[in-house]
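So this block is query.csv, CSV, C-alpha atoms and all ligand atoms:
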```csv
chain,number,residue,atom,x,y,z
A,1160,MET,CA,128.5,179.7,-149.5
A,1161,SER,CA,129.7,176.8,-147.4
A,1162,ASP,CA,128.5,173.2,-147.2
A,1163,ALA,CA,125.8,172.1,-144.9
A,1164,ILE,CA,124.3,168.7,-144.0
A,1165,LEU,CA,120.9,167.8,-142.8
A,1166,VAL,CA,120.9,164.6,-140.7
A,1167,LEU,CA,117.7,162.8,-139.7
A,1168,GLU,CA,117.5,160.5,-136.6
A,1169,ASP,CA,117.0,157.5,-138.8
A,1170,GLY,CA,120.4,158.1,-140.4
A,1171,ARG,CA,119.2,159.6,-143.7
A,1172,THR,CA,121.2,162.6,-144.8
A,1173,PHE,CA,120.8,165.4,-147.3
A,1174,THR,CA,123.7,167.6,-148.3
A,1175,GLY,CA,123.2,171.2,-149.3
A,1176,ARG,CA,124.6,174.7,-148.6
A,1177,ALA,CA,124.6,176.8,-145.5
A,1178,TYR,CA,121.6,179.2,-145.5
A,1179,GLY,CA,121.1,181.9,-142.8
A,1180,ALA,CA,123.3,181.4,-139.8
A,1181,THR,CA,126.0,178.7,-139.8
A,1182,GLY,CA,126.5,176.3,-136.9
A,1183,ARG,CA,124.4,173.5,-135.5
A,1184,THR,CA,120.7,173.2,-134.7
A,1185,LEU,CA,118.5,170.3,-133.5
A,1186,GLY,CA,114.7,169.9,-133.5
A,1187,GLU,CA,111.8,168.0,-134.8
A,1188,ILE,CA,111.7,168.2,-138.6
A,1189,VAL,CA,108.3,169.0,-140.1
A,1190,PHE,CA,107.2,170.2,-143.6
A,1191,ASN,CA,105.0,173.1,-144.5
A,1192,THR,CA,103.2,173.0,-147.8
A,1193,GLY,CA,102.3,176.8,-148.0
A,1194,MET,CA,103.1,178.4,-151.3
A,1195,THR,CA,103.2,181.8,-149.5
A,1196,GLY,CA,103.7,183.0,-145.9
A,1197,TYR,CA,107.2,182.0,-145.0
A,1198,GLN,CA,107.6,185.1,-142.8
A,1199,GLU,CA,104.4,184.2,-140.8
A,1200,THR,CA,105.6,180.6,-140.5
A,1201,LEU,CA,109.1,181.6,-139.2
A,1202,THR,CA,107.6,183.9,-136.6
A,1203,ASP,CA,104.8,181.5,-135.5
A,1204,PRO,CA,105.6,180.5,-131.9
A,1205,SER,CA,104.0,177.1,-132.4
A,1206,TYR,CA,107.1,176.1,-134.5
A,1207,HIS,CA,109.4,176.5,-131.4
A,1208,ARG,CA,111.9,173.6,-131.4
A,1209,GLN,CA,110.9,172.5,-134.9
A,1210,ILE,CA,113.0,172.5,-138.1
A,1211,VAL,CA,110.7,173.6,-140.9
A,1212,VAL,CA,111.0,172.3,-144.5
A,1213,MET,CA,109.3,174.5,-147.0
A,1214,THR,CA,107.9,172.3,-149.9
A,1215,ALA,CA,107.4,175.3,-152.1
A,1216,PRO,CA,110.7,175.3,-154.0
A,1217,HIS,CA,111.5,179.0,-154.3
A,1218,ILE,CA,111.7,180.8,-150.9
A,1219,GLY,CA,112.7,184.4,-150.0
A,1220,ASN,CA,111.2,186.0,-153.1
A,1221,THR,CA,109.5,188.8,-151.2
A,1222,GLY,CA,112.2,189.3,-148.6
A,1223,VAL,CA,111.1,190.2,-145.0
A,1224,ASN,CA,108.9,193.2,-144.2
A,1225,ASP,CA,108.0,195.1,-141.0
A,1226,GLU,CA,104.3,194.1,-141.1
A,1227,ASP,CA,103.9,190.4,-141.4
A,1228,ALA,CA,105.7,189.0,-138.4
A,1229,GLU,CA,103.4,187.0,-136.1
A,1230,SER,CA,105.4,187.6,-133.0
A,1231,ARG,CA,108.5,189.4,-131.7
A,1232,ARG,CA,111.1,186.9,-133.1
A,1233,ILE,CA,111.7,183.9,-135.4
A,1234,TRP,CA,110.9,180.7,-133.5
A,1235,VAL,CA,111.7,177.9,-135.9
A,1236,ALA,CA,114.8,175.9,-134.8
A,1237,GLY,CA,116.0,175.6,-138.3
A,1238,PHE,CA,114.9,176.2,-141.9
A,1239,VAL,CA,115.2,173.9,-145.0
A,1240,VAL,CA,114.7,175.2,-148.5
A,1241,ARG,CA,115.3,174.1,-152.0
A,1242,ASP,CA,116.1,177.3,-153.9
A,1243,PRO,CA,116.5,180.6,-152.1
A,1244,ALA,CA,115.7,183.7,-154.0
A,1245,ARG,CA,118.9,185.6,-155.0
A,1246,ARG,CA,117.2,188.9,-154.5
A,1247,SER,CA,114.0,190.1,-152.8
A,1248,SER,CA,111.3,191.7,-154.9
A,1249,SER,CA,108.5,193.5,-153.1
A,1250,TRP,CA,107.8,197.1,-152.3
A,1251,ARG,CA,107.3,196.1,-148.7
A,1252,ALA,CA,110.6,194.2,-148.3
A,1253,ARG,CA,113.0,195.8,-145.8
A,1254,ARG,CA,115.6,193.0,-145.6
A,1255,THR,CA,116.5,189.7,-147.3
A,1256,LEU,CA,115.4,186.5,-145.8
A,1257,ASP,CA,119.0,185.3,-145.6
A,1258,ASP,CA,120.0,188.4,-143.6
A,1259,GLU,CA,117.0,188.0,-141.3
A,1260,LEU,CA,117.9,184.4,-140.5
A,1261,VAL,CA,121.5,185.4,-139.8
A,1262,ALA,CA,120.3,188.3,-137.6
A,1263,HIS,CA,118.2,185.9,-135.5
A,1264,GLY,CA,120.9,183.2,-135.4
A,1265,VAL,CA,118.7,180.7,-137.3
A,1266,VAL,CA,120.7,177.9,-138.9
A,1267,GLY,CA,119.3,176.8,-142.3
A,1268,ILE,CA,120.2,174.8,-145.3
A,1269,SER,CA,119.4,175.3,-148.9
A,1270,ASP,CA,119.8,173.3,-152.1
A,1271,VAL,CA,118.1,170.3,-150.5
A,1272,ASP,CA,115.8,168.0,-152.5
A,1273,THR,CA,112.8,169.0,-150.5
A,1274,ARG,CA,110.5,166.7,-152.5
A,1275,ALA,CA,112.6,163.6,-151.5
A,1276,LEU,CA,112.8,164.8,-147.9
A,1277,THR,CA,109.1,165.4,-147.7
A,1278,ARG,CA,108.3,162.0,-149.1
A,1279,HIS,CA,110.6,160.5,-146.6
A,1280,LEU,CA,108.8,162.3,-143.7
A,1281,ARG,CA,105.4,161.3,-145.0
A,1282,GLU,CA,106.5,157.6,-145.1
A,1283,ARG,CA,108.5,157.5,-141.8
A,1284,GLY,CA,106.7,160.2,-139.9
A,1285,VAL,CA,108.3,163.4,-138.4
A,1286,MET,CA,111.4,162.8,-136.4
A,1287,ARG,CA,114.3,164.6,-134.8
A,1288,ALA,CA,117.0,166.1,-137.1
A,1289,GLY,CA,120.0,168.4,-137.1
A,1290,ILE,CA,121.5,170.9,-139.5
A,1291,PHE,CA,125.3,171.2,-139.4
A,1292,SER,CA,127.4,173.7,-141.2
A,1293,GLY,CA,130.6,175.7,-140.6
A,1294,ASP,CA,132.5,174.7,-137.5
A,1295,ALA,CA,129.8,172.2,-136.5
A,1296,LEU,CA,130.8,170.1,-139.5
A,1297,VAL,CA,134.5,169.7,-138.7
A,1298,ARG,CA,136.6,168.4,-135.9
A,1299,PRO,CA,139.1,170.8,-134.2
A,1300,GLU,CA,141.9,169.2,-136.2
A,1301,GLY,CA,140.1,170.1,-139.4
A,1302,GLU,CA,138.8,166.8,-140.5
A,1303,ARG,CA,135.1,166.3,-141.4
A,1304,ARG,CA,133.0,164.8,-138.7
A,1305,PRO,CA,131.6,161.4,-139.5
A,1306,VAL,CA,127.8,161.1,-140.0
A,1307,ASP,CA,127.5,158.6,-137.1
A,1308,GLU,CA,128.7,161.3,-134.7
A,1309,LEU,CA,126.1,163.7,-136.1
A,1310,VAL,CA,123.3,161.2,-135.8
A,1311,ASP,CA,124.3,160.6,-132.1
A,1312,GLU,CA,123.8,164.3,-131.5
A,1313,VAL,CA,120.4,164.3,-133.1
A,1314,LEU,CA,119.4,161.3,-131.0
A,1315,ALA,CA,120.4,163.1,-127.9
A,1316,ALA,CA,117.9,165.9,-128.6
A,1317,PRO,CA,114.6,165.9,-126.8
A,1318,VAL,CA,111.5,164.5,-128.5
A,1319,MET,CA,108.4,166.5,-129.0
A,1320,ALA,CA,106.0,164.0,-127.4
A,1321,GLY,CA,105.7,165.0,-123.7
A,1322,ALA,CA,107.2,168.5,-124.2
A,1323,ASP,CA,105.6,171.3,-122.2
A,1324,LEU,CA,106.7,174.4,-124.2
A,1325,ALA,CA,104.0,177.1,-123.9
A,1326,GLY,CA,105.9,178.7,-120.9
A,1327,GLU,CA,109.0,179.1,-123.1
A,1328,VAL,CA,107.2,181.3,-125.7
A,1329,SER,CA,104.5,183.1,-123.8
A,1330,VAL,CA,104.8,186.7,-122.7
A,1331,ASP,CA,106.0,187.6,-119.2
A,1332,GLU,CA,103.6,190.5,-118.6
A,1333,ALA,CA,100.0,190.9,-119.6
A,1334,TYR,CA,99.1,193.5,-122.2
A,1335,VAL,CA,95.9,194.9,-123.8
A,1336,VAL,CA,95.0,195.1,-127.5
A,1337,PRO,CA,92.4,197.8,-127.7
A,1338,ALA,CA,89.0,197.3,-129.4
A,1339,LEU,CA,88.7,199.1,-132.8
A,1340,GLY,CA,85.8,200.7,-134.5
A,1341,PRO,CA,84.9,200.4,-138.2
A,1342,ASP,CA,87.1,203.4,-138.9
A,1343,GLY,CA,90.1,201.5,-137.4
A,1344,GLN,CA,90.2,204.0,-134.4
A,1345,PRO,CA,90.1,202.7,-130.8
A,1346,LEU,CA,86.5,202.3,-129.5
A,1347,ALA,CA,85.5,204.0,-126.2
A,1348,GLU,CA,83.0,201.2,-125.4
A,1349,PRO,CA,84.3,197.8,-126.5
A,1350,ARG,CA,81.6,195.3,-127.6
A,1351,ALA,CA,83.2,192.6,-125.4
A,1352,ARG,CA,86.2,192.0,-123.3
A,1353,VAL,CA,88.3,188.8,-123.7
A,1354,ALA,CA,91.0,187.3,-121.6
A,1355,ALA,CA,93.3,185.6,-124.1
A,1356,VAL,CA,95.8,183.1,-122.6
A,1357,ASP,CA,99.0,183.4,-124.6
A,1358,LEU,CA,100.3,179.8,-125.2
A,1359,GLY,CA,102.3,181.0,-128.2
A,1360,ILE,CA,99.7,183.5,-129.6
A,1361,LYS,CA,100.1,184.9,-133.2
A,1362,SER,CA,99.6,188.6,-133.3
A,1363,MET,CA,96.9,188.4,-135.9
A,1364,THR,CA,94.6,186.6,-133.4
A,1365,PRO,CA,94.0,189.4,-131.0
A,1366,GLN,CA,93.9,191.7,-134.0
A,1367,ARG,CA,91.0,189.8,-135.6
A,1368,LEU,CA,89.1,190.2,-132.3
A,1369,ALA,CA,90.0,193.8,-131.9
A,1370,GLU,CA,88.8,194.5,-135.4
A,1371,ARG,CA,85.4,193.3,-134.3
A,1372,GLY,CA,85.3,195.7,-131.4
A,1373,VAL,CA,86.7,193.3,-128.8
A,1374,GLU,CA,89.2,194.5,-126.1
A,1375,VAL,CA,91.7,191.7,-125.7
A,1376,HIS,CA,93.7,191.2,-122.5
A,1377,VAL,CA,96.6,188.9,-123.4
A,1378,LEU,CA,97.8,187.0,-120.3
A,1379,PRO,CA,100.9,184.9,-119.7
A,1380,ALA,CA,100.6,181.1,-119.9
A,1381,THR,CA,101.3,180.8,-116.2
A,1382,SER,CA,98.2,182.8,-115.3
A,1383,ALA,CA,95.9,181.3,-112.7
A,1384,ILE,CA,92.1,181.3,-112.9
A,1385,ASP,CA,92.0,184.3,-110.6
A,1386,ASP,CA,94.2,186.3,-113.1
A,1387,VAL,CA,91.7,185.3,-115.8
A,1388,LEU,CA,88.7,186.3,-113.7
A,1389,ALA,CA,90.4,189.6,-112.7
A,1390,VAL,CA,90.0,190.8,-116.3
A,1391,GLY,CA,86.2,190.6,-115.9
A,1392,PRO,CA,86.0,188.7,-119.2
A,1393,ASP,CA,82.9,188.2,-121.3
A,1394,GLY,CA,84.9,185.4,-122.9
A,1395,VAL,CA,88.1,183.5,-122.5
A,1396,PHE,CA,90.4,182.5,-125.4
A,1397,PHE,CA,93.2,179.9,-125.5
A,1398,SER,CA,95.7,180.4,-128.3
A,1399,ASN,CA,97.8,178.1,-130.5
A,1400,GLY,CA,101.2,177.1,-129.1
A,1401,PRO,CA,104.1,174.6,-129.3
A,1402,GLY,CA,104.5,171.3,-127.6
A,1403,ASP,CA,102.4,168.3,-126.6
A,1404,PRO,CA,98.9,169.1,-125.2
A,1405,SER,CA,99.1,166.1,-122.8
A,1406,ALA,CA,101.9,168.0,-120.9
A,1407,ALA,CA,99.9,171.2,-120.3
A,1408,ARG,CA,98.4,170.3,-116.9
A,1409,HIS,CA,98.3,173.8,-115.4
A,1410,GLU,CA,96.6,175.3,-118.5
A,1411,ILE,CA,94.0,172.5,-118.5
A,1412,ASP,CA,93.2,173.2,-114.8
A,1413,VAL,CA,92.7,176.9,-115.6
A,1414,LEU,CA,90.4,176.0,-118.6
A,1415,ARG,CA,88.3,173.7,-116.4
A,1416,GLY,CA,87.9,176.7,-114.0
A,1417,VAL,CA,86.6,178.7,-117.0
A,1418,LEU,CA,84.2,175.9,-118.0
A,1419,ASP,CA,82.9,175.4,-114.5
A,1420,ARG,CA,81.9,179.1,-114.4
A,1421,ARG,CA,80.2,178.8,-117.8
A,1422,ILE,CA,82.2,181.7,-119.2
A,1423,PRO,CA,82.1,181.6,-123.0
A,1424,PHE,CA,85.3,180.0,-124.4
A,1425,PHE,CA,87.0,179.8,-127.8
A,1426,GLY,CA,90.2,178.0,-128.5
A,1427,ILE,CA,92.5,177.7,-131.5
A,1428,CYS,CA,94.9,174.9,-132.3
A,1429,TYR,CA,96.7,174.1,-129.0
A,1430,GLY,CA,93.6,175.8,-127.4
A,1431,ASN,CA,91.4,173.2,-129.2
A,1432,GLN,CA,93.6,170.4,-128.0
A,1433,LEU,CA,93.5,171.7,-124.4
A,1434,PHE,CA,89.7,172.1,-124.7
A,1435,GLY,CA,89.5,168.4,-125.8
A,1436,ARG,CA,91.7,167.3,-122.9
A,1437,ALA,CA,89.7,169.4,-120.4
A,1438,LEU,CA,86.6,167.6,-121.6
A,1439,GLY,CA,88.3,164.3,-120.9
A,1440,PHE,CA,89.3,163.3,-124.5
A,1441,GLY,CA,92.8,162.1,-125.3
A,1442,THR,CA,95.2,163.6,-127.8
A,1443,TYR,CA,97.6,161.8,-130.0
A,1444,LYS,CA,100.5,162.5,-132.3
A,1445,LEU,CA,99.9,162.5,-136.1
A,1446,ARG,CA,102.4,160.8,-138.3
A,1447,TYR,CA,103.4,164.0,-140.1
A,1448,GLY,CA,100.7,166.6,-139.1
A,1449,HIS,CA,99.1,169.3,-141.1
A,1450,ARG,CA,101.1,172.4,-141.9
A,1451,GLY,CA,100.2,174.7,-144.8
A,1452,VAL,CA,97.5,177.0,-146.1
A,1453,ASN,CA,95.1,174.7,-148.1
A,1454,GLN,CA,93.6,172.1,-145.9
A,1455,PRO,CA,89.9,171.4,-146.7
A,1456,VAL,CA,87.7,171.4,-143.6
A,1457,VAL,CA,83.9,170.9,-143.4
A,1458,ASP,CA,82.0,172.9,-140.9
A,1459,ARG,CA,79.3,170.4,-139.9
A,1460,THR,CA,77.0,173.2,-138.6
A,1461,THR,CA,76.5,174.7,-142.0
A,1462,GLY,CA,77.9,171.9,-144.3
A,1463,LYS,CA,80.2,174.4,-145.9
A,1464,VAL,CA,83.7,173.4,-146.9
A,1465,GLU,CA,86.4,175.9,-146.1
A,1466,ILE,CA,90.0,176.0,-147.2
A,1467,THR,CA,92.1,176.7,-144.1
A,1468,ALA,CA,95.6,177.3,-142.6
A,1469,HIS,CA,97.0,174.6,-140.4
A,1470,ASN,CA,100.0,174.0,-138.2
A,1471,HIS,CA,99.5,171.0,-136.0
A,1472,GLY,CA,101.2,167.7,-135.2
A,1473,PHE,CA,98.8,166.5,-132.5
A,1474,ALA,CA,95.1,166.0,-132.7
A,1475,VAL,CA,92.1,165.3,-130.4
A,1476,ASP,CA,90.8,161.8,-130.2
A,1477,ALA,CA,87.0,162.2,-130.1
A,1478,PRO,CA,84.2,160.2,-131.8
A,1479,LEU,CA,83.3,161.6,-135.2
A,1480,ASP,CA,79.8,160.3,-135.6
A,1481,ALA,CA,77.7,161.2,-132.7
A,1482,GLU,CA,77.1,163.6,-129.8
A,1483,THR,CA,79.1,162.2,-126.9
A,1484,VAL,CA,78.9,163.0,-123.2
A,1485,ALA,CA,82.3,164.5,-122.4
A,1486,PRO,CA,84.2,161.9,-120.5
A,1487,PHE,CA,85.7,164.1,-117.8
A,1488,ASP,CA,84.4,163.6,-114.3
A,1489,GLY,CA,81.3,161.5,-115.2
A,1490,GLY,CA,80.0,163.9,-117.8
A,1491,ARG,CA,80.4,167.1,-115.8
A,1492,TYR,CA,80.6,169.2,-119.0
A,1493,GLY,CA,77.6,167.6,-120.7
A,1494,ARG,CA,77.4,166.8,-124.4
A,1495,VAL,CA,80.0,167.5,-127.0
A,1496,ARG,CA,80.2,167.1,-130.8
A,1497,VAL,CA,82.9,167.2,-133.4
A,1498,SER,CA,82.0,170.4,-135.3
A,1499,HIS,CA,84.7,170.4,-137.9
A,1500,VAL,CA,86.5,167.6,-139.8
A,1501,ASP,CA,89.5,167.6,-142.1
A,1502,LEU,CA,88.4,166.2,-145.5
A,1503,ASN,CA,91.8,164.8,-146.3
A,1504,ASP,CA,92.1,162.4,-143.4
A,1505,ASP,CA,89.1,162.8,-141.1
A,1506,VAL,CA,91.1,164.3,-138.3
A,1507,VAL,CA,89.0,166.2,-135.7
A,1508,GLU,CA,89.3,169.9,-136.6
A,1509,GLY,CA,86.8,171.4,-134.1
A,1510,LEU,CA,84.8,170.7,-131.0
A,1511,GLU,CA,81.5,172.2,-129.8
A,1512,ALA,CA,80.1,171.8,-126.3
A,1513,LEU,CA,76.3,171.5,-126.5
A,1514,ASP,CA,75.6,172.3,-122.8
A,1515,LEU,CA,78.2,175.0,-122.3
A,1516,PRO,CA,79.1,178.2,-124.3
A,1517,ALA,CA,82.4,176.8,-125.5
A,1518,PHE,CA,83.9,175.8,-128.9
A,1519,SER,CA,87.3,175.5,-130.5
A,1520,VAL,CA,89.0,174.7,-133.8
A,1521,GLN,CA,92.2,172.9,-134.6
A,1522,TYR,CA,93.2,175.3,-137.4
A,1523,HIS,CA,93.9,179.0,-137.9
A,1524,PRO,CA,90.9,181.3,-138.6
A,1525,GLU,CA,93.3,184.3,-138.1
A,1526,ALA,CA,94.7,183.2,-141.4
A,1527,ALA,CA,98.2,184.5,-141.1
A,1528,ALA,CA,99.3,183.2,-143.5
A,1529,GLY,CA,96.4,181.6,-145.4
A,1530,PRO,CA,92.9,182.0,-146.8
A,1531,HIS,CA,90.2,183.9,-144.8
A,1532,ASP,CA,87.4,181.3,-145.2
A,1533,ALA,CA,87.2,180.7,-141.5
A,1534,ALA,CA,87.0,184.3,-140.3
A,1535,TYR,CA,83.3,183.7,-139.3
A,1536,LEU,CA,84.6,181.9,-136.2
A,1537,PHE,CA,85.5,185.2,-134.6
A,1538,ASP,CA,82.0,186.4,-135.3
A,1539,ARG,CA,80.6,183.2,-133.7
A,1540,PHE,CA,82.7,183.9,-130.6
A,1541,LEU,CA,81.5,187.5,-130.4
A,1542,ASP,CA,77.9,186.3,-130.8
A,1543,LEU,CA,78.4,183.7,-128.1
A,1544,MET,CA,79.7,186.3,-125.7
A,1545,THR,CA,77.0,188.9,-126.4
A,1546,THR,CA,74.0,186.5,-126.3
A,1547,HIS,CA,75.4,184.9,-123.2
A,1548,ARG,CA,75.8,188.3,-121.5
A,1549,ASP,CA,72.3,189.4,-122.6
A,1550,GLY,CA,70.9,186.2,-121.3
A,1551,SER,CA,69.2,185.4,-124.6
A,1552,THR,CA,70.7,181.9,-125.1
A,1553,PRO,CA,68.2,179.0,-124.9
A,1554,ASP,CA,69.9,177.7,-121.8
A,1555,ALA,CA,70.1,181.1,-120.2
A,1556,ALA,CA,68.1,180.0,-117.2
A,1557,THR,CA,70.9,177.7,-116.2
A,1558,THR,CA,73.7,179.9,-117.4
A,1559,GLU,CA,74.9,182.2,-114.8
A,1560,LYS,CA,78.2,183.9,-115.2
A,1561,GLY,CA,80.3,183.6,-112.0
A,1562,ALA,CA,78.5,180.5,-110.8
A,1563,ALA,CA,80.9,177.9,-109.5
B,1,LIG,N1,99.8,175.6,-133.8
B,1,LIG,C1,99.5,174.9,-132.7
B,1,LIG,O1,98.9,175.4,-131.8
B,1,LIG,C2,100.1,173.5,-132.6
B,1,LIG,C3,99.6,172.8,-131.4
B,1,LIG,C4,100.5,171.6,-131.0
B,1,LIG,N2,101.8,172.1,-130.6
B,1,LIG,C5,100.6,170.7,-132.2
B,1,LIG,O2,101.7,170.5,-132.8
B,1,LIG,O3,99.7,170.0,-132.6
```

When written as structure tokens, how does the structure in this file appear?
Amino acid sequence: MSDAILVLEDGRTFTGRAYGATGRTLGEIVFNTGMTGYQETLTDPSYHRQIVVMTAPHIGNTGVNDEDAESRRIWVAGFVVRDPARRSSSWRARRTLDDELVAHGVVGISDVDTRALTRHLRERGVMRAGIFSGDALVRPEGERRPVDELVDEVLAAPVMAGADLAGEVSVDEAYVVPALGPDGQPLAEPRARVAAVDLGIKSMTPQRLAERGVEVHVLPATSAIDDVLAVGPDGVFFSNGPGDPSAARHEIDVLRGVLDRRIPFFGICYGNQLFGRALGFGTYKLRYGHRGVNQPVVDRTTGKVEITAHNHGFAVDAPLDAETVAPFDGGRYGRVRVSHVDLNDDVVEGLEALDLPAFSVQYHPEAAAGPHDAAYLFDRFLDLMTTHRDGSTPDAATTEKGAA
């Protein structure tokens, strides 16, 4: 195994060994505290352009299987681990993690003091970084490249703030995930039909809806409101995704079209941030974000605390205490409240419109990877769609699907 170096934009360096592909990679460096789920993390499109540090020290133990990928490829820009497993041990493993990283051309580094690195990122905040190994470490004449030169390359990489990335990870063509019955077989009569805008969707999300008898039409991020309406949806879903929500102007316009028509809406993660912005709230970048599978969140509707999976670096800036009139366009969307809050740091983790059939969460009820405490949110979405359709909501008199 050859040498590798991790270079942060503030000049801090960590030496280690090449892991996965060798070469050079640049991105925003973030840490994930999950003890499990590295395959789901690697294939989560929300990590596009990010170098992920795993704080769990031993990575690769269960290899890579053919079932747990959350999308068609690995998206992380680079991978940083402490102690890679020397062999995979799982009846489901088909390949080693090292081989999988090589096959996908993902440059990684191992034997890094990931505790020191994570403490550094907690203090200084996430920043740009690069991993350099193999030819990327040496000049053509064979001498080692000085760190200053590597730092300059890191500083030339784009920052995450302002990045509009959903279009880079979304599908090109729409597809349908069929509704399933209790026996796992396709349902002839779906219980509801959802238009799901793919901003970087994880495959487990339409699956969780399909398991509840919902037919899911997954649409490209570039879809216009007419494409969404063409599905004839009982509800619209906006997925997780990479990038800065303040850059997603097209998607926010489409979402306002959904809200104006009072079509039931549910958003996850990036979808929550876009819902917040559509309502007129701001979003901001967290110092180091939430990434892992054990974040405590309180659901203020029931008072229950749930342990949840997270992957976000931005958050919605909305008042925690009271119902607020959504600021957009003089209160056009009525009242809103913060429905979920992170108990570690009081970050907004969910929004609920009180005068529209719409809600969202900042975290991952699809739970891939992670605990399943928040699965009830998919049931809430289905309930919202069916009661809205049957006209049995309290505000049904004023709720007319298709009204402009
Ligand atoms: N998982 C997500 O949807 C992430 C949303 C956004 N890109 C963030 O970092 O906050």

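For ligand LIG 1 (chain B), the protein and nucleic acid residues at most 6 Å away, judged by all atoms listed in the file, amount to Ser1205, Asn1399, Gly1400, Pro1401, Gly1402, Asp1403, Cys1428, Tyr1429, Asn1470, His1471, Gly1472 and Phe1473 of chain A.
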
Next, the residues of the selection above should be written as a short mmCIF file (atom, residue, chain, number, x, y, z; two decimals), in the frame of the given file with C-alpha atoms.
```
data_model
loop_
_atom_site.label_atom_id
_atom_site.label_comp_id
_atom_site.auth_asym_id
_atom_site.auth_seq_id
_atom_site.Cartn_x
_atom_site.Cartn_y
_atom_site.Cartn_z
CA SER A 1205 104.00 177.10 -132.40
CA ASN A 1399 97.80 178.10 -130.50
CA GLY A 1400 101.20 177.10 -129.10
CA PRO A 1401 104.10 174.60 -129.30
CA GLY A 1402 104.50 171.30 -127.60
CA ASP A 1403 102.40 168.30 -126.60
CA CYS A 1428 94.90 174.90 -132.30
CA TYR A 1429 96.70 174.10 -129.00
CA ASN A 1470 100.00 174.00 -138.20
CA HIS A 1471 99.50 171.00 -136.00
CA GLY A 1472 101.20 167.70 -135.20
CA PHE A 1473 98.80 166.50 -132.50
#
```

Query - For A:Ile1422: contacts at 12 Å, all atoms listed in the file, fewer than 3 positions along chain excluded, given as number ranges by chain - result: A: 1352-1354, 1384, 1387-1388, 1391-1396, 1414-1419, 1425, 1515-1518, 1540, 1543-1548, 1558-1563

Which residues of stretch 1342-1381 of chain A come within 10 Å of stretch 1521-1526 of chain A, and for each one, what is the closest pair of atoms and their distance in Å to one decimal, counting only C-alpha atoms, sorted by chain and residue number, as CSV?
```
residue,atom,partner,partner_atom,distance
A:Lys1361,CA,A:Glu1525,CA,8.4
A:Ser1362,CA,A:Glu1525,CA,9.0
A:Met1363,CA,A:Glu1525,CA,5.9
A:Thr1364,CA,A:Glu1525,CA,5.4
A:Pro1365,CA,A:Glu1525,CA,8.8
A:Gln1366,CA,A:Glu1525,CA,8.5
A:Arg1367,CA,A:Glu1525,CA,6.5
A:Leu1368,CA,A:Glu1525,CA,9.3
```

Query raised in the report: Taking into account all atoms listed in the file, which residue in the set A:Asn1431, A:Gly1186, A:Asp1342, A:Val1377 is nearest to A:Pro1317?
Result: A:Gly1186

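In terms of minimum interatomic distance to A:Asp1504, A:His1449 ranks closest within A:Arg1176, A:His1449, A:Arg1371, A:His1469, counting all atoms listed in the file.
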
**Report entry** Top pick for closest residue to A:Gly1222, considering A:Gly1196, A:Pro1341, A:Pro1486, A:Gly1426 and counting all atoms listed in the file
**Finding:** A:Gly1196

Report task. Please check which residues have atoms at most 8 Å from (123.5, 170.8, -151.8) in the file's coordinates, counting only C-alpha atoms, and write them as a ChimeraX atom specification. Result -> /A:1162-1163,1173-1176,1269-1271

Write out as CSV a residue-level contact list of stretch 1440-1521 of chain A versus stretch 1272-1285 of chain A with cut-off 10 Å: for each qualifying residue the closest pair of atoms and the distance in Å to one decimal, counting all atoms listed in the file, rows sorted by chain and residue number upward.
```
residue,atom,partner,partner_atom,distance
A:Lys1444,CA,A:Val1285,CA,9.9
A:Leu1445,CA,A:Gly1284,CA,8.1
A:Arg1446,CA,A:Gly1284,CA,4.6
A:Tyr1447,CA,A:Gly1284,CA,5.0
A:Gly1448,CA,A:Val1285,CA,8.3
A:Gly1472,CA,A:Val1285,CA,8.9
```

Residues from the last selection, C-alpha atoms, saved as an mmCIF file, in the frame of the given file:
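Generated file (selection-v6.cif):
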```cif
data_model
loop_
_atom_site.group_PDB
_atom_site.id
_atom_site.type_symbol
_atom_site.label_atom_id
_atom_site.label_comp_id
_atom_site.auth_asym_id
_atom_site.auth_seq_id
_atom_site.Cartn_x
_atom_site.Cartn_y
_atom_site.Cartn_z
ATOM 1 C CA LYS A 1444 100.500 162.500 -132.300
ATOM 2 C CA LEU A 1445 99.900 162.500 -136.100
ATOM 3 C CA ARG A 1446 102.400 160.800 -138.300
ATOM 4 C CA TYR A 1447 103.400 164.000 -140.100
ATOM 5 C CA GLY A 1448 100.700 166.600 -139.100
ATOM 6 C CA GLY A 1472 101.200 167.700 -135.200
#
```

Query raised in the report: Could you tell me, as an MDAnalysis selection string, which residues have any atom at most 12 Å from (86.6, 167.2, -136.5), counting all atoms listed in the file?
Result: chainID A and resid 1431:1432 1435 1455:1460 1474:1481 1495:1511 1518:1522
